[in-house]
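Peer 1: Contents of structure_35.txt (compact mmCIF, C-alpha atoms):
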```txt
# COMPACT_ATOMS: atom_id res chain seq x y z
CA MET A 1 -13.21 -13.02 -0.29
CA LYS A 2 -13.29 -11.20 3.04
CA ILE A 3 -10.82 -8.32 3.05
CA GLY A 4 -10.19 -6.49 6.29
CA VAL A 5 -9.54 -2.74 6.22
CA VAL A 6 -7.87 -1.41 9.36
CA THR A 7 -8.89 1.93 10.83
CA PHE A 8 -6.30 3.69 12.96
CA PRO A 9 -6.90 6.99 14.78
CA GLY A 10 -6.23 9.47 11.97
CA SER A 11 -7.02 7.15 9.04
CA LEU A 12 -8.59 9.09 6.17
CA ASP A 13 -9.05 6.58 3.39
CA ASP A 14 -10.41 3.56 5.25
CA VAL A 15 -13.97 4.08 3.98
CA ASP A 16 -12.66 4.63 0.44
CA ALA A 17 -10.68 1.39 0.69
CA GLN A 18 -13.75 -0.46 1.93
CA ARG A 19 -15.74 0.82 -1.01
CA ALA A 20 -12.98 -0.19 -3.44
CA VAL A 21 -13.03 -3.68 -1.92
CA ARG A 22 -16.76 -3.92 -2.56
CA VAL A 23 -16.46 -2.52 -6.09
CA GLY A 24 -13.80 -5.18 -6.66
CA GLY A 25 -16.29 -7.88 -5.77
CA HIS A 26 -15.24 -8.70 -2.22
CA GLU A 27 -16.70 -8.34 1.26
CA ALA A 28 -15.15 -5.48 3.24
CA VAL A 29 -14.60 -6.14 6.94
CA ALA A 30 -13.88 -3.15 9.18
CA LEU A 31 -11.00 -3.79 11.59
CA TRP A 32 -10.06 -1.48 14.47
CA HIS A 33 -6.51 -0.66 15.51
CA GLY A 34 -7.22 -2.01 18.99
CA ASP A 35 -8.48 -5.38 17.75
CA HIS A 36 -6.66 -8.55 18.72
CA ASP A 37 -8.58 -10.55 16.11
CA LEU A 38 -8.60 -10.31 12.30
CA ARG A 39 -12.14 -11.73 12.25
CA GLY A 40 -11.42 -14.50 9.78
CA VAL A 41 -10.44 -12.26 6.86
CA ASP A 42 -8.56 -13.59 3.83
CA ALA A 43 -6.48 -10.44 3.29
CA VAL A 44 -5.80 -7.08 4.96
CA ILE A 45 -5.50 -3.51 3.71
CA LEU A 46 -3.78 -0.77 5.72
CA PRO A 47 -5.26 2.46 4.32
CA GLY A 48 -3.91 5.94 3.88
CA GLY A 49 -4.15 8.81 6.33
CA PHE A 50 -2.22 10.13 9.30
CA SER A 51 -2.35 7.29 11.82
CA TYR A 52 -1.87 8.52 15.39
CA GLY A 53 -1.30 11.98 13.92
CA ASP A 54 1.98 10.86 12.30
CA TYR A 55 3.77 11.68 15.56
CA LEU A 56 7.40 10.53 15.78
CA ARG A 57 7.60 9.17 12.23
CA CYS A 58 4.75 8.23 9.90
CA GLY A 59 3.57 4.79 10.97
CA ALA A 60 6.01 4.55 13.88
CA ILE A 61 3.29 4.37 16.54
CA SER A 62 0.86 2.31 14.47
CA ARG A 63 3.31 -0.58 14.27
CA PHE A 64 2.74 -1.13 18.00
CA SER A 65 -1.07 -1.21 17.82
CA PRO A 66 -2.65 -4.53 18.84
CA VAL A 67 -4.00 -5.27 15.38
CA MET A 68 -0.53 -5.04 13.84
CA SER A 69 0.68 -7.94 15.94
CA GLU A 70 -2.03 -10.00 14.26
CA VAL A 71 -1.27 -8.57 10.82
CA VAL A 72 2.46 -9.28 11.12
CA GLU A 73 1.82 -12.85 12.22
CA ALA A 74 -0.70 -13.42 9.42
CA ALA A 75 1.67 -11.90 6.84
CA HIS A 76 4.42 -14.27 7.91
CA ARG A 77 1.96 -17.12 7.30
CA GLY A 78 1.38 -15.84 3.77
CA MET A 79 -1.78 -13.73 4.07
CA PRO A 80 -1.96 -10.99 1.40
CA VAL A 81 -1.44 -7.54 2.93
CA LEU A 82 -1.63 -4.23 1.05
CA GLY A 83 -0.43 -0.96 2.58
CA ILE A 84 -1.45 2.22 0.77
CA CYS A 85 0.41 5.49 1.47
CA ASN A 86 0.39 5.66 5.29
CA GLY A 87 -0.19 1.91 5.20
CA PHE A 88 3.04 1.54 3.20
CA GLN A 89 4.82 3.54 5.89
CA ILE A 90 3.38 1.25 8.58
CA LEU A 91 4.55 -1.86 6.71
CA CYS A 92 8.09 -0.48 6.55
CA GLU A 93 8.02 0.48 10.24
CA SER A 94 6.77 -3.04 11.04
CA HIS A 95 9.68 -4.54 9.05
CA LEU A 96 7.30 -6.37 6.75
CA LEU A 97 8.84 -4.41 3.88
CA PRO A 98 12.41 -3.14 3.45
CA GLY A 99 13.36 0.52 3.28
CA ALA A 100 11.63 3.60 4.64
CA LEU A 101 9.53 6.59 3.55
CA ILE A 102 10.87 10.07 4.24
CA ARG A 103 9.88 13.71 3.63
CA ASN A 104 9.39 14.62 -0.02
CA ASP A 105 12.60 16.04 -1.42
CA HIS A 106 10.90 19.33 -2.33
CA ARG A 107 9.49 19.59 1.24
CA LYS A 108 5.94 20.12 -0.02
CA PHE A 109 2.80 18.01 0.08
CA VAL A 110 1.99 16.68 -3.39
CA CYS A 111 -1.51 15.87 -4.68
CA ARG A 112 -1.96 14.93 -8.31
CA ASP A 113 -2.97 12.19 -10.73
CA GLN A 114 0.14 10.10 -11.15
CA ARG A 115 1.17 7.77 -13.96
CA LEU A 116 2.76 4.50 -12.88
CA ARG A 117 4.24 1.46 -14.55
CA ILE A 118 3.43 -1.92 -13.03
CA GLU A 119 6.76 -3.70 -12.76
CA ASN A 120 5.60 -6.88 -11.01
CA ALA A 121 2.26 -8.45 -11.94
CA SER A 122 2.83 -11.67 -10.02
CA THR A 123 1.74 -10.51 -6.55
CA PRO A 124 -1.76 -11.22 -5.17
CA TRP A 125 -2.49 -7.50 -5.48
CA THR A 126 -1.27 -6.90 -9.04
CA SER A 127 -2.09 -10.08 -10.96
CA ALA A 128 -4.97 -8.38 -12.80
CA TYR A 129 -2.38 -6.24 -14.62
CA GLU A 130 0.18 -7.10 -17.25
CA THR A 131 3.80 -6.45 -16.41
CA GLY A 132 4.67 -3.09 -17.96
CA ALA A 133 1.08 -1.81 -17.82
CA GLU A 134 0.84 1.95 -17.42
CA ILE A 135 -1.90 3.25 -15.14
CA THR A 136 -2.96 6.57 -13.62
CA VAL A 137 -4.06 6.86 -10.00
CA PRO A 138 -4.12 9.73 -7.49
CA LEU A 139 -1.08 10.47 -5.35
CA LYS A 140 -1.18 12.54 -2.16
CA ASN A 141 1.64 12.58 0.35
CA GLY A 142 4.10 14.72 2.23
CA GLU A 143 6.47 11.93 3.26
CA GLY A 144 6.45 9.64 0.26
CA GLY A 145 10.12 9.44 -0.69
CA TYR A 146 11.14 5.79 -0.70
CA VAL A 147 14.72 5.21 0.45
CA ALA A 148 16.96 2.22 1.15
CA ASP A 149 20.67 1.52 1.01
CA ALA A 150 22.23 0.65 -2.33
CA ALA A 151 22.49 -3.07 -1.56
CA THR A 152 18.80 -3.26 -0.68
CA LEU A 153 17.81 -1.35 -3.80
CA ASP A 154 19.93 -3.65 -5.95
CA ARG A 155 18.32 -6.68 -4.33
CA LEU A 156 14.81 -5.30 -4.86
CA GLU A 157 15.59 -4.67 -8.52
CA GLY A 158 17.31 -8.01 -9.02
CA GLU A 159 14.61 -10.08 -7.30
CA GLY A 160 11.70 -8.31 -8.99
CA GLN A 161 10.43 -6.78 -5.76
CA VAL A 162 9.76 -3.35 -7.27
CA VAL A 163 6.00 -3.43 -7.83
CA ALA A 164 5.41 -0.02 -9.40
CA ARG A 165 7.51 2.89 -10.63
CA TYR A 166 6.71 6.55 -11.20
CA LEU A 167 6.44 7.85 -14.76
CA ASP A 168 6.48 11.41 -16.11
CA GLY A 169 8.64 12.77 -13.33
CA ASN A 170 9.44 11.71 -9.81
CA PRO A 171 6.92 13.40 -7.46
CA ASN A 172 8.71 12.98 -4.14
CA GLY A 173 12.34 11.99 -4.62
CA SER A 174 11.85 8.24 -4.25
CA LEU A 175 15.08 6.47 -5.12
CA ARG A 176 15.01 4.82 -8.54
CA ASP A 177 11.48 6.21 -9.03
CA ILE A 178 10.06 3.45 -6.83
CA ALA A 179 6.34 3.84 -6.06
CA GLY A 180 5.76 0.43 -4.49
CA VAL A 181 7.57 -2.71 -3.38
CA THR A 182 6.80 -6.24 -2.23
CA ASN A 183 8.43 -8.61 0.21
CA GLU A 184 10.45 -11.64 -0.89
CA ARG A 185 7.43 -13.93 -0.63
CA GLY A 186 5.31 -11.54 -2.68
CA ASN A 187 2.26 -11.47 -0.41
CA VAL A 188 2.94 -8.07 1.20
CA VAL A 189 2.78 -4.99 -1.02
CA GLY A 190 3.29 -1.32 -0.16
CA LEU A 191 2.19 1.38 -2.59
CA MET A 192 2.45 5.14 -2.11
CA PRO A 193 -0.22 6.23 -4.67
CA HIS A 194 -3.91 5.55 -4.00
CA PRO A 195 -5.57 2.96 -6.26
CA GLU A 196 -8.73 3.08 -4.12
CA HIS A 197 -9.41 6.55 -5.54
CA ALA A 198 -9.44 5.23 -9.11
CA VAL A 199 -12.06 2.47 -9.15
CA GLU A 200 -15.09 4.28 -10.60
CA THR A 201 -15.54 6.58 -13.58
CA LEU A 202 -17.63 9.03 -11.57
CA THR A 203 -14.69 10.10 -9.41
CA GLY A 204 -10.95 10.16 -9.84
CA PRO A 205 -8.99 9.87 -13.08
CA GLY A 206 -10.63 6.60 -14.16
CA THR A 207 -10.68 2.95 -13.09
CA ASP A 208 -7.00 2.10 -13.43
CA GLY A 209 -6.71 1.32 -9.73
CA LEU A 210 -9.42 -1.32 -9.72
CA GLY A 211 -6.95 -4.08 -10.56
CA PHE A 212 -5.48 -3.89 -7.06
CA PHE A 213 -8.88 -4.97 -5.72
CA THR A 214 -9.79 -7.58 -8.34
CA SER A 215 -6.36 -9.23 -8.46
CA LEU A 216 -7.14 -11.50 -5.50
CA VAL A 217 -10.01 -13.04 -7.45
CA GLU A 218 -7.85 -13.31 -10.57
CA ARG A 219 -5.18 -15.08 -8.51
CA VAL A 220 -7.65 -17.56 -6.98
CA LEU A 221 -9.27 -18.37 -10.33
CA ALA A 222 -5.97 -18.64 -12.22
```
Translate the structure of the given file into structure tokens.

Peer 2:
Amino acid sequence: MKIGVVTFPGSLDDVDAQRAVRVGGHEAVALWHGDHDLRGVDAVILPGGFSYGDYLRCGAISRFSPVMSEVVEAAHRGMPVLGICNGFQILCESHLLPGALIRNDHRKFVCRDQRLRIENASTPWTSAYETGAEITVPLKNGEGGYVADAATLDRLEGEGQVVARYLDGNPNGSLRDIAGVTNERGNVVGLMPHPEHAVETLTGPGTDGLGFFTSLVERVLA
């Protein structure tokens, strides 16, 4: 499959995401924030970083970039879209996902290997996992606290839209320990930790993140 990885001014993990796509067995297609064309890709990844310097709010400017108009339209048609860290923030700012990401409750940047539990293994990005699987991937953010009103949180819980949850302590104050969510359709996923940094044994804490990049193949072959 052809998976596009968008580079915004200030993206840091776009090259890492491209490599993870290739390790996962797909073709990585570099997309630029100013593009008006998704170049025929089958899925899109919005990588981590500090797009447009994180001015205003994280992801608040990126939502207006030309490529996001194409991504939003494609997502509404059902294209799989994964937002990692800053990409998660952009998805929330673009109203493709509910809720918002705010400053960590301890007001400090956090960088550590983080244990997660996969709560929803039915999305195109998580189907390589079993529901309840526990994985470890790196986490690095300063504004990673997921928030939403009580009614939205109840709906996310009730409809199975919580994709991943923090284990062994909440690193940023995310409500209900939420590390990632999906939209109602299940094709758009936002995740604060970084699975692209856990796809090879040489670097990172292991290969627990690889499933996010092989799940599309698992879904197609299922």

Peer 1: What is the atom CA of A:Arg77 to atom CA of A:Ala128 distance in Å?

Peer 2: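 Atom CA of A:Ala128 lies 23.0 Å from atom CA of A:Arg77.
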
Peer 1: When you look at stretch 142-151 of chain A with a cut-off of 9 Å (counting all atoms listed in the file), what residues show up, excluding the ones that are within fewer than 2 positions of it in the same chain? I need them as a ChimeraX atom specification.

Peer 2: /A:58,85-86,89,98-105,107-111,140,153-156,171-180,192-193

Peer 1: Can you check which parts of stretch 176-221 of chain A lie within 7 Å of stretch 8-22 of chain A? Per residue, the shortest pair of atoms and distance in Å to one decimal, counting only C-alpha atoms, sorted by chain and number, as a Markdown table.

Peer 2:
```
| residue | atom | partner | partner_atom | distance |
| --- | --- | --- | --- | --- |
| A:Glu196 | CA | A:Ala20 | CA | 5.4 |
| A:Val199 | CA | A:Ala20 | CA | 6.4 |
| A:Phe213 | CA | A:Val21 | CA | 5.8 |
```

Peer 1: Would you mind listing what lies within 7 Å of A:Glu134 as a compact mmCIF listing (two decimals) with C-alpha atoms, in the coordinates of the input, with only C-alpha atoms counted and same-chain residues fewer than 6 positions away left out?

Peer 2:
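The result, written out as out_25.txt:
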```txt
# COMPACT_ATOMS: atom_id res chain seq x y z
CA ARG A 115 1.17 7.77 -13.96
CA LEU A 116 2.76 4.50 -12.88
CA ARG A 117 4.24 1.46 -14.55
CA ILE A 118 3.43 -1.92 -13.03
```

Peer 1: Find the residue from A:Gly53, A:Pro80, A:Lys2, A:Gly48 that sits nearest to A:Ala30; use only C-alpha atoms when measuring.

Peer 2: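 So, comparing all the options, the nearest one is A:Lys2.
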
Peer 1: Which residue is closest to A:Ile61? Choose from A:Ser94, A:Thr182, A:Asn187, A:Asn170 and count all atoms listed in the file.

Peer 2: A:Ser94

Peer 1: I'd like to know which of A:Gly211, A:Gly25, A:Gly49, A:Gly169 is closest to A:Ile3, using only C-alpha atoms.

Peer 2: A:Gly25

Peer 1: Of the candidates A:Phe50, A:Tyr129, A:Phe64, A:Tyr55, which shows the shortest atom-to-atom distance to A:His33, using all atoms listed in the file?

Peer 2: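 Residue with the minimum atom-to-atom distance to A:His33: A:Phe64.
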
Peer 1: Could you list, as a VMD selection string, every residue within 10 Å of A:Thr136, counting only C-alpha atoms and ignoring same-chain residues fewer than 5 positions away?

Peer 2: chain A and resid 112 to 117 166 to 167 193 to 195 198 204 to 209

Peer 1: Can you pull out every residue within 12 Å of A:Asn183, counting all atoms listed in the file, but drop anything in the same chain fewer than 2 positions away, and send it as a VMD selection string?

Peer 2: chain A and resid 75 to 76 78 80 to 83 88 91 to 92 95 to 99 120 123 to 124 152 155 to 157 159 to 163 180 to 181 185 to 190

Peer 1: Could you save the residues just selected, with C-alpha atoms, as a short mmCIF file (atom, residue, chain, number, x, y, z; two decimals), in the coordinates of the input?

Peer 2:
```cif
data_model
loop_
_atom_site.label_atom_id
_atom_site.label_comp_id
_atom_site.auth_asym_id
_atom_site.auth_seq_id
_atom_site.Cartn_x
_atom_site.Cartn_y
_atom_site.Cartn_z
CA ALA A 75 1.67 -11.90 6.84
CA HIS A 76 4.42 -14.27 7.91
CA GLY A 78 1.38 -15.84 3.77
CA PRO A 80 -1.96 -10.99 1.40
CA VAL A 81 -1.44 -7.54 2.93
CA LEU A 82 -1.63 -4.23 1.05
CA GLY A 83 -0.43 -0.96 2.58
CA PHE A 88 3.04 1.54 3.20
CA LEU A 91 4.55 -1.86 6.71
CA CYS A 92 8.09 -0.48 6.55
CA HIS A 95 9.68 -4.54 9.05
CA LEU A 96 7.30 -6.37 6.75
CA LEU A 97 8.84 -4.41 3.88
CA PRO A 98 12.41 -3.14 3.45
CA GLY A 99 13.36 0.52 3.28
CA ASN A 120 5.60 -6.88 -11.01
CA THR A 123 1.74 -10.51 -6.55
CA PRO A 124 -1.76 -11.22 -5.17
CA THR A 152 18.80 -3.26 -0.68
CA ARG A 155 18.32 -6.68 -4.33
CA LEU A 156 14.81 -5.30 -4.86
CA GLU A 157 15.59 -4.67 -8.52
CA GLU A 159 14.61 -10.08 -7.30
CA GLY A 160 11.70 -8.31 -8.99
CA GLN A 161 10.43 -6.78 -5.76
CA VAL A 162 9.76 -3.35 -7.27
CA VAL A 163 6.00 -3.43 -7.83
CA GLY A 180 5.76 0.43 -4.49
CA VAL A 181 7.57 -2.71 -3.38
CA ARG A 185 7.43 -13.93 -0.63
CA GLY A 186 5.31 -11.54 -2.68
CA ASN A 187 2.26 -11.47 -0.41
CA VAL A 188 2.94 -8.07 1.20
CA VAL A 189 2.78 -4.99 -1.02
CA GLY A 190 3.29 -1.32 -0.16
#
```

Peer 1: Report, in Å with one decimal, the straight-line distance from atom CA of A:Leu191 to atom CA of A:Leu46.

Peer 2: 10.5 Å

Peer 1: Which of these, A:Leu38, A:Val29, A:Val71, A:Met1, has the shortest distance to A:Ser215 once you count all atoms listed in the file?

Peer 2: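 Result for the nearest residue to A:Ser215: A:Met1.
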
Peer 1: Quick one: residues within 8 Å of A:Gly59, all atoms listed in the file, excluding same-chain residues fewer than 3 positions away - as a list in words?

Peer 2: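 Here the qualifying residues turn out to be Ser51, Tyr52, Asp54, Ser62, Arg63, Asn86, Gly87, Gln89, Ile90, Leu91 and Glu93 of chain A.
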
Peer 1: Between atom CA of A:Gly4 and atom CA of A:Asp42, what is the spacing in Å?

Peer 2: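 Atom CA of A:Asp42 sits 7.7 Å away from atom CA of A:Gly4.
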
Peer 1: So, with all atoms listed in the file as the atoms that count, which of A:Ile135, A:Val6, A:Ala164, A:Ala74 lies closest to A:Ala121?

Peer 2: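 Nearest to A:Ala121: A:Ala164.
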